[in-house]
Every structure is written in C-alpha cells, then in structure tokens.
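The data block below is coords_37.cif; it holds mmCIF, C-alpha atoms.
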data_target
#
loop_
_atom_site.label_atom_id
_atom_site.label_comp_id
_atom_site.auth_asym_id
_atom_site.auth_seq_id
_atom_site.Cartn_x
_atom_site.Cartn_y
_atom_site.Cartn_z
CA MET E 1 -40.61 37.21 39.73
CA GLU E 2 -38.76 39.25 37.10
CA GLU E 3 -35.53 37.28 37.40
CA PHE E 4 -37.27 34.11 36.25
CA GLN E 5 -38.03 35.45 32.79
CA THR E 6 -35.84 33.48 30.41
CA GLY E 7 -32.75 35.38 29.37
CA GLU E 8 -30.09 34.34 26.90
CA GLU E 9 -28.02 32.63 29.56
CA ALA E 10 -30.71 30.32 30.80
CA SER E 11 -30.66 27.83 27.95
CA PHE E 12 -28.99 24.50 27.52
CA LEU E 13 -26.13 24.97 25.04
CA VAL E 14 -25.31 21.61 23.55
CA ASP E 15 -21.89 22.50 22.16
CA GLU E 16 -20.66 23.90 25.39
CA VAL E 17 -21.81 20.89 27.36
CA SER E 18 -20.39 18.51 24.78
CA SER E 19 -16.93 20.02 25.08
CA ILE E 20 -17.13 19.88 28.86
CA ILE E 21 -17.95 16.17 28.69
CA LYS E 22 -15.14 15.43 26.24
CA GLU E 23 -12.60 17.11 28.45
CA ALA E 24 -13.79 15.17 31.46
CA ILE E 25 -13.53 11.85 29.65
CA GLU E 26 -10.09 12.59 28.25
CA GLY E 27 -8.89 13.64 31.65
CA ALA E 28 -10.17 10.59 33.46
CA ILE E 29 -9.61 7.68 31.08
CA GLY E 30 -7.65 9.28 28.24
CA GLY E 31 -4.90 6.77 27.60
CA ASN E 32 -5.96 3.85 29.74
CA ALA E 33 -6.92 0.30 28.91
CA TYR E 34 -9.98 -1.32 30.43
CA GLN E 35 -9.35 -2.59 33.93
CA HIS E 36 -12.20 -4.01 35.90
CA SER E 37 -10.80 -2.84 39.18
CA LYS E 38 -10.47 0.73 38.08
CA VAL E 39 -13.68 1.19 36.17
CA ASN E 40 -15.65 2.24 39.23
CA GLN E 41 -13.19 5.00 39.95
CA TRP E 42 -13.19 6.11 36.32
CA THR E 43 -16.92 6.45 36.02
CA THR E 44 -17.04 8.35 39.28
CA SER E 45 -14.36 10.77 38.21
CA VAL E 46 -15.90 11.32 34.76
CA VAL E 47 -19.28 12.04 36.25
CA GLU E 48 -17.97 14.25 39.03
CA GLN E 49 -15.74 16.25 36.76
CA THR E 50 -18.55 16.80 34.27
CA LEU E 51 -20.98 17.81 36.95
CA SER E 52 -18.62 20.24 38.62
CA GLN E 53 -17.83 21.93 35.32
CA LEU E 54 -21.52 22.19 34.54
CA THR E 55 -22.24 23.84 37.85
CA LYS E 56 -19.46 26.31 37.21
CA LEU E 57 -21.48 27.60 34.26
CA GLY E 58 -23.77 29.11 36.84
CA LYS E 59 -27.03 28.54 35.00
CA PRO E 60 -30.34 27.91 36.80
CA PHE E 61 -30.46 24.22 35.89
CA LYS E 62 -30.72 20.86 37.56
CA TYR E 63 -28.33 18.36 35.98
CA ILE E 64 -28.16 14.59 35.58
CA VAL E 65 -25.02 13.01 34.18
CA THR E 66 -24.91 9.32 33.22
CA CYS E 67 -21.82 7.39 32.22
CA VAL E 68 -21.61 3.91 30.71
CA ILE E 69 -18.24 2.26 30.28
CA MET E 70 -18.12 -1.03 28.46
CA GLN E 71 -15.24 -3.28 27.62
CA LYS E 72 -14.73 -4.03 23.93
CA ASN E 73 -15.42 -7.69 23.50
CA GLY E 74 -17.51 -7.93 20.39
CA ALA E 75 -20.84 -7.47 22.12
CA GLY E 76 -23.34 -4.89 20.97
CA LEU E 77 -24.78 -2.07 23.04
CA HIS E 78 -27.70 0.32 22.65
CA THR E 79 -28.66 3.23 24.84
CA ALA E 80 -31.85 5.25 24.60
CA SER E 81 -33.49 7.88 26.67
CA SER E 82 -36.80 9.63 26.67
CA CYS E 83 -37.71 12.65 28.70
CA PHE E 84 -40.89 14.24 29.94
CA TRP E 85 -40.01 17.91 30.22
CA ASP E 86 -40.26 21.32 28.69
CA ASN E 87 -38.72 21.21 25.23
CA SER E 88 -37.96 24.86 25.01
CA SER E 89 -35.83 25.19 28.11
CA ASP E 90 -34.44 21.71 28.82
CA GLY E 91 -31.90 19.79 26.82
CA THR E 92 -29.62 16.83 26.62
CA CYS E 93 -26.21 16.03 25.22
CA THR E 94 -24.67 12.60 24.64
CA VAL E 95 -21.03 11.96 23.83
CA ARG E 96 -19.67 8.63 22.57
CA TRP E 97 -15.98 8.00 23.06
CA GLU E 98 -13.86 4.94 22.50
CA ASN E 99 -10.36 3.70 22.53
CA LYS E 100 -8.87 0.30 21.71
CA THR E 101 -10.23 -1.52 24.73
CA MET E 102 -13.41 0.19 25.80
CA TYR E 103 -16.43 2.32 24.91
CA CYS E 104 -17.60 5.22 27.00
CA ILE E 105 -20.99 6.88 26.57
CA VAL E 106 -21.78 9.95 28.66
CA SER E 107 -25.19 11.64 28.69
CA ALA E 108 -25.88 14.94 30.35
CA PHE E 109 -29.44 16.18 30.91
CA GLY E 110 -30.18 19.73 31.98
CA LEU E 111 -33.58 20.72 33.32
CA ALA E 112 -34.44 24.34 33.84
CA LEU E 113 -35.66 25.50 37.18
CA MET Z 114 -66.55 33.15 -1.07
CA ALA Z 115 -69.80 32.50 0.73
CA GLU Z 116 -69.48 32.82 4.44
CA GLN Z 117 -71.30 30.10 6.17
CA PRO Z 118 -71.12 29.53 9.89
CA VAL Z 119 -68.72 26.64 10.37
CA PRO Z 120 -69.02 24.59 13.55
CA GLU Z 121 -65.91 24.42 15.71
CA ALA Z 122 -65.26 20.75 15.10
CA ALA Z 123 -65.30 21.21 11.37
CA LEU Z 124 -63.01 24.20 11.74
CA LEU Z 125 -60.56 22.12 13.73
CA ALA Z 126 -60.66 19.42 11.11
CA GLN Z 127 -59.92 22.03 8.49
CA VAL Z 128 -56.94 23.25 10.48
CA LEU Z 129 -55.70 19.67 10.62
CA ALA Z 130 -56.09 19.21 6.92
CA ALA Z 131 -54.61 22.54 5.98
CA ALA Z 132 -51.81 22.36 8.54
CA ASN Z 133 -49.31 25.07 7.79
CA SER Z 134 -50.60 25.98 4.38
CA GLU Z 135 -52.79 29.04 4.45
CA ALA Z 136 -56.25 28.27 3.20
CA PRO Z 137 -57.91 31.51 2.12
CA SER Z 138 -61.40 30.15 2.51
CA LEU Z 139 -60.59 29.26 6.09
CA ARG Z 140 -59.50 32.79 6.77
CA THR Z 141 -62.62 34.38 5.38
CA THR Z 142 -65.02 32.21 7.27
CA ARG Z 143 -63.15 32.89 10.45
CA ARG Z 144 -62.70 36.62 10.18
CA GLY Z 145 -65.61 37.87 8.16
CA SER Z 146 -65.36 39.24 4.63
CA GLN Z 147 -61.83 40.30 3.73
CA PRO Z 148 -61.65 40.53 -0.04
CA ALA Z 149 -58.84 43.09 0.15
CA ALA Z 150 -56.68 40.67 2.11
CA ARG Z 151 -56.52 38.32 -0.86
CA GLY Z 152 -53.60 40.04 -2.55
CA THR Z 153 -51.54 40.69 0.54
CA GLU Z 154 -51.32 37.39 2.29
CA ASP Z 155 -47.94 38.10 3.77
CA SER Z 156 -49.04 41.23 5.51
CA LYS Z 157 -51.53 39.33 7.59
CA PRO Z 158 -49.40 36.87 9.53
CA PRO Z 159 -50.45 38.26 12.89
CA ALA Z 160 -54.09 37.73 12.04
CA LEU Z 161 -53.47 34.18 10.89
CA LEU Z 162 -51.50 33.42 13.97
CA SER Z 163 -54.10 34.92 16.22
CA ARG Z 164 -56.67 32.69 14.61
CA ARG Z 165 -54.48 29.71 15.24
CA ASN Z 166 -53.86 30.82 18.77
CA SER Z 167 -57.52 31.08 19.52
CA ILE Z 168 -58.08 27.59 18.20
CA LEU Z 169 -55.22 26.23 20.22
CA SER Z 170 -56.30 28.01 23.34
CA ARG Z 171 -59.70 26.46 22.95
CA ARG Z 172 -58.06 23.10 22.52
CA SER Z 173 -55.99 23.47 25.60
CA SER Z 174 -59.00 24.44 27.64
CA PHE Z 175 -60.19 20.87 27.30
CA GLY Z 176 -57.73 19.75 29.92
CA MET Z 177 -57.00 22.83 31.99
CA VAL Z 178 -59.01 25.76 33.26
CA PRO Z 179 -57.78 28.96 31.62
CA GLY Z 180 -57.17 31.87 33.92
CA SER Z 181 -55.61 29.99 36.76
CA ARG Z 182 -52.11 28.68 36.21
CA ARG Z 183 -52.00 28.06 32.50
CA PRO Z 184 -48.43 28.14 31.33
CA SER Z 185 -48.26 27.72 27.62
CA LEU Z 186 -44.88 26.11 28.08
CA GLY Z 187 -45.83 23.75 30.88
CA PRO Z 188 -44.36 20.26 30.97
CA GLY Z 189 -46.08 17.97 28.60
CA MET Z 190 -48.00 20.67 26.74
CA LEU Z 191 -45.33 21.12 24.12
CA HIS Z 192 -45.37 17.43 23.42
CA ARG Z 193 -48.91 17.70 22.26
CA HIS Z 194 -48.32 20.85 20.25
CA VAL Z 195 -45.74 19.13 18.13
CA SER Z 196 -47.45 15.87 17.55
CA PHE Z 197 -51.01 17.03 17.23
CA SER Z 198 -51.12 17.42 13.48
CA GLY Z 199 -47.82 15.74 12.79
CA LEU Z 200 -46.21 19.06 11.91
CA PRO Z 201 -44.68 21.62 14.23
CA ILE Z 202 -47.02 24.48 14.95
CA PHE Z 203 -45.08 27.72 14.99
CA GLN Z 204 -46.54 30.04 17.54
CA PRO Z 205 -45.27 33.47 18.34
CA ILE Z 206 -43.19 33.24 21.47
CA LEU Z 207 -45.46 34.74 24.08
CA LYS Z 208 -43.99 35.95 27.30
CA THR Z 209 -46.03 33.89 29.69
CA ARG Z 210 -46.93 35.51 32.92
CA LEU Z 211 -47.28 32.71 35.37
CA GLU Z 212 -49.48 33.32 38.31
CA ASN Z 213 -48.02 32.72 41.69
CA THR Z 214 -48.90 29.29 42.98
CA TYR Z 215 -47.39 29.93 46.41
CA ARG Z 216 -45.97 26.42 46.39
CA MET Z 217 -42.46 25.84 47.60
CA GLY Z 218 -42.31 22.09 47.25
CA PRO Z 219 -44.42 19.06 46.52
CA ASP Z 220 -47.41 18.36 48.73
CA LYS Z 221 -46.96 16.16 51.73
CA GLY Z 222 -46.89 12.54 50.70
CA CYS Z 223 -46.59 13.51 47.07
CA LYS Z 224 -42.92 12.87 46.57
CA PHE Z 225 -41.21 10.71 44.00
CA ASP Z 226 -41.70 7.18 45.31
CA ALA Z 227 -38.55 5.39 44.25
CA GLU Z 228 -39.57 1.91 45.33
CA ARG Z 229 -42.89 2.05 43.57
CA VAL Z 230 -41.29 3.23 40.36
CA GLN Z 231 -38.64 0.55 40.66
CA ARG Z 232 -41.28 -2.16 40.96
CA VAL Z 233 -43.03 -0.77 37.91
CA LEU Z 234 -39.75 -0.74 35.97
CA GLU Z 235 -38.89 -4.30 36.89
CA GLY Z 236 -42.30 -5.57 35.93
CA THR Z 237 -42.30 -3.74 32.62
CA LEU Z 238 -38.81 -4.87 31.70
CA ALA Z 239 -39.61 -8.48 32.46
CA ARG Z 240 -42.80 -8.32 30.42
CA ALA Z 241 -41.25 -6.54 27.47
CA LEU Z 242 -37.98 -8.41 27.22
CA GLY Z 243 -38.92 -11.75 28.73
CA SER Z 244 -38.19 -13.84 25.73
CA SER Z 245 -36.33 -11.47 23.43
CA VAL Z 246 -33.13 -12.37 21.67
CA TYR Z 247 -30.48 -9.78 20.90
CA SER Z 248 -30.32 -8.65 17.29
CA PRO Z 249 -28.28 -5.62 16.14
CA GLN Z 250 -30.88 -4.19 13.79
CA GLY Z 251 -33.92 -4.92 15.85
CA ASN Z 252 -32.58 -3.70 19.14
CA ALA Z 253 -32.11 -0.05 18.22
CA PRO Z 254 -35.84 0.64 17.76
CA LEU Z 255 -36.54 -1.71 20.65
CA ALA Z 256 -34.46 0.42 22.98
CA GLN Z 257 -36.29 3.56 21.90
CA SER Z 258 -39.72 2.03 22.24
CA LEU Z 259 -38.73 0.64 25.61
CA THR Z 260 -37.85 4.09 26.92
CA GLU Z 261 -41.17 5.47 25.70
CA LEU Z 262 -43.00 2.60 27.34
CA LEU Z 263 -41.15 2.98 30.63
CA GLN Z 264 -41.73 6.70 30.62
CA ASN Z 265 -45.45 6.27 30.13
CA GLN Z 266 -45.61 3.69 32.88
CA ALA Z 267 -43.64 5.91 35.20
CA LYS Z 268 -45.86 8.90 34.46
CA GLU Z 269 -48.80 7.04 35.87
CA VAL Z 270 -47.25 6.37 39.26
CA VAL Z 271 -45.32 9.59 39.65
CA PRO Z 272 -47.07 12.58 41.27
CA PRO Z 273 -47.79 15.68 39.18
CA ARG Z 274 -45.27 18.53 38.78
CA TYR Z 275 -42.43 16.08 38.25
CA LYS Z 276 -40.22 16.06 35.18
CA LEU Z 277 -38.96 12.65 34.16
CA VAL Z 278 -35.81 11.48 32.45
CA CYS Z 279 -35.81 7.84 31.42
CA HIS Z 280 -32.54 6.20 30.36
CA VAL Z 281 -32.18 2.66 29.05
CA VAL Z 282 -29.02 0.70 28.26
CA LEU Z 283 -29.61 -2.44 26.23
CA GLY Z 284 -26.78 -4.75 25.31
CA GLN Z 285 -25.77 -8.14 24.17
CA GLN Z 286 -24.81 -10.64 26.79
CA GLY Z 287 -21.19 -11.51 26.21
CA GLN Z 288 -18.13 -11.88 28.33
CA GLN Z 289 -17.62 -8.17 28.74
CA GLY Z 290 -17.67 -6.02 31.80
CA LEU Z 291 -19.92 -3.01 32.03
CA LEU Z 292 -20.57 -0.27 34.53
CA VAL Z 293 -23.34 2.32 34.46
CA ALA Z 294 -22.93 5.29 36.78
CA SER Z 295 -24.78 8.53 37.17
CA ARG Z 296 -24.82 11.55 39.39
CA GLY Z 297 -27.24 14.38 39.62
CA LEU Z 298 -27.26 17.92 40.84
CA TRP Z 299 -30.70 18.40 42.34
CA ASP Z 300 -32.66 18.92 45.49
CA PRO Z 301 -32.32 15.67 47.44
CA GLU Z 302 -35.49 16.23 49.41
CA THR Z 303 -37.77 16.33 46.42
CA ASP Z 304 -35.86 14.60 43.60
CA SER Z 305 -34.82 11.02 43.26
CA PHE Z 306 -34.33 8.17 40.85
CA ALA Z 307 -35.21 4.51 40.43
CA SER Z 308 -33.41 1.87 38.44
CA ALA Z 309 -33.93 -1.75 37.49
CA THR Z 310 -32.00 -4.35 35.57
CA PHE Z 311 -33.01 -7.34 33.56
CA SER Z 312 -30.96 -10.02 31.88
CA ASN Z 313 -31.52 -13.25 30.04
CA ALA Z 314 -29.23 -15.51 28.09
CA SER Z 315 -28.70 -13.21 25.14
CA LEU Z 316 -29.23 -9.68 26.36
CA PHE Z 317 -29.26 -7.42 29.36
CA ALA Z 318 -31.03 -4.16 30.06
CA VAL Z 319 -30.50 -1.42 32.62
CA ALA Z 320 -33.29 1.12 33.02
CA THR Z 321 -33.14 4.28 35.12
CA VAL Z 322 -35.84 6.85 35.69
CA TYR Z 323 -35.00 10.19 37.32
CA GLY Z 324 -37.78 12.32 38.75
CA LEU Z 325 -37.18 16.02 39.31
CA TYR Z 326 -39.67 18.33 40.94
CA PHE Z 327 -40.61 21.32 38.85
CA GLU Z 328 -42.43 24.16 40.43
#
Please express what this file holds, its structure, as structure tokens.
Amino acid sequence: MEEFQTGEEASFLVDEVSSIIKEAIEGAIGGNAYQHSKVNQWTTSVVEQTLSQLTKLGKPFKYIVTCVIMQKNGAGLHTASSCFWDNSSDGTCTVRWENKTMYCIVSAFGLAL
Amino acid sequence: MAEQPVPEAALLAQVLAAANSEAPSLRTTRRGSQPAARGTEDSKPPALLSRRNSILSRRSSFGMVPGSRRPSLGPGMLHRHVSFSGLPIFQPILKTRLENTYRMGPDKGCKFDAERVQRVLEGTLARALGSSVYSPQGNAPLAQSLTELLQNQAKEVVPPRYKLVCHVVLGQQGQQGLLVASRGLWDPETDSFASATFSNASLFAVATVYGLYFE
C-alpha cells in the first residue's frame, strides 16, 4: 500500500503534456494541406503518437487523447469538456493548432490510478 | 465576548458568511474563552483549521459513514468543497490512509453500459439542441452548459466508482469536412466510452463520454 502514496512523479504536468502534443501534431500534419482522404490517417497518427509518448513517461495514469481536425471554410467550432474526477490528481491539457487550410484541436486527459 | 452555546446550524451559517475571513467571535464560541489569543491571530492557524476540519467532517458525514472508506479526496468530494461557499476552502493536505476495500474490479453487472449512455446522450442532445441556431457568441456558453448537462445525465446511469470525462464538439454547419478521433489507454474490461452526434440545418454536435473505473 505504501507505493500508492502520491509522490512528486504521480501528477499530471500540463507543460510536459502540452509539448508532447505539439510535437505529435507537427510530426503528423506539420506542413500539409487538408485532404479528406488523408484526414483519417492523420488523426490516427496524432493520437497514437501522443499516447505512446505519454505512456513513455511511466506515470500511474490512464489517458484519453481526443483529436478534432476541421477544414477551414469559414464555419465556427466550439469544443467543451467537463470531467467528474479527483481534482488534485487528475488533469487535462488542450492544444489548438492551425495552418492555412485546417484547424486541429487535441485534448489529453490523464486520470490517476 | 459572551460565550453562548451556538447550535450547529447557526455555526455553519456563520462559517458560510465569514468564509475565509477569521471571525474572532466565532473562534471564542467554538473553543472556549481565549482572550490571550486575540493579539496573536497568526499563531493559531492550526486551531482555526482544526475547527474548520471538524465542521467539514461533520458535513461530509451527511452522505458517507465515517470510519469505513472515507477518502477525503474521493471523486466528487472535491467538487463540493470548492463550490460549497463559493470560495475555495484551503485545508491542510492530510495524508489519507485509505482502508483496504479488497475490490479488484467493478461488481458483476456493474460495468459501464455504453449503449445505455449512448441512448441518454442522444436523447439529451436532441432535446437541448432541437431547434437551436448557431451563433458565435451564444454557442460558447452553450457548449459548456451542454457538457455539464451531459455529465449530470451520465452520472445517473453510470455505476459508482467510475470517473467520467465528457467532451463536446459544437460547430456550425457549413461545407467543411471534420473528423473527431480519440484513443485511450485504459483497462478494456472495465472502461469504455459512448458517443452520439446530432445535426440540424445550422449546427452539428458530437458528444463523447468516457467512463473509467477507479478503485
């Protein structure tokens, strides 16, 4: 039971997660224009890359990563999320990214075990 | 400073009114006569906090039986601590010693029921957005209130010991393409998700609720 006392490493660090997400987005869709046929593959690779980097941190967390890619066409978009969890140990990080042809919003939620 | 016996309800109301500001009269009625403590208010933070703790522990005993598993940081409890008086209540960080529940997973038949939650989501989305029109200013608070609403609805159908994450994407209906994808790292036997979409002529909404078992 002693190993489940919260140490310094078992907390959700927003900055760290945010940089992980940014790298994943840049790597997957960095210089590309929106293409309907490729968008499926892009979201998958963004999400998988983010998740694998998060697991490499080795913290006792369950993760959920969500990615929304939308073509820039003049339409508006809102995202919101609400969570029922333990505020002291769980956290979330959302990154908004865009280029000339599309928006990409990635949210990562980490829930402590 | 006359000390009169103050009933618990009145004491609680006083705590609400005083919030974080230290009310000397409150302290004296609670702890007996302490005229010497008047000048040294700063040296008594532990006493003040212990008073507050005892009030809060009494408050939390309304819902849960103290003694058996009573984590002070259990899911949902912190919600109430923050919003109770509208101001954050700063407690000392107690090292909670959780008693062993001897539970490895959710009870049989008590898993996250994805279909049921999906039906709830679809119904709620249709009711809430049935006749709405997209507007840039109005939709931001609408998205937030929609997540709160969906979360509350989901809480009712989801078994206990589950943490929920509710995610809503709300957008204007145009000629654009959109893809929402997500992946989770969890225990597939106990954790799952449910999602629903809704669209009308001027807007679309995608709602996802993830349920994760927390032991």
Checklist entry - Any idea which chain E residues end up within 8 Å of chain Z if we count only C-alpha atoms, as a PyMOL selection string please? => result chain E and resi 36+39-40+43-44+47-48+51+62-88+113
Next on the checklist: My list of candidates is E:Asn32, E:Ser18, E:Ser52, E:Ser45. Which is closest to Met102 (chain E) when distances are computed with all atoms listed in the file?
Outcome noted: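 Between E:Asn32, E:Ser18, E:Ser52, E:Ser45, the residue approaching Met102 (chain E) most closely is E:Asn32.
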Next on the checklist: Between E:Gly30, E:Thr94, E:Lys59, E:Ser107, which residue has the minimum interatomic distance to Ser11 (chain E), considering only C-alpha atoms?
Outcome noted: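 Checking each candidate against Ser11 (chain E), we get E:Lys59 as the closest.
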Item to check | Computed interatomic separation between CA of Arg229 (chain Z) and CA of Ala267 (chain Z) (Å) | outcome: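 We find that CA of Arg229 (chain Z) and CA of Ala267 (chain Z) lie 9.2 Å from each other.
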Checklist entry - Which residue, Z:Gly243, Z:Gly236, Z:Pro205, Z:Gly222, has the smallest gap to Gln266 (chain Z) when you use all atoms listed in the file? => result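 Among the listed residues, the smallest separation from Gln266 (chain Z) belongs to Z:Gly236.
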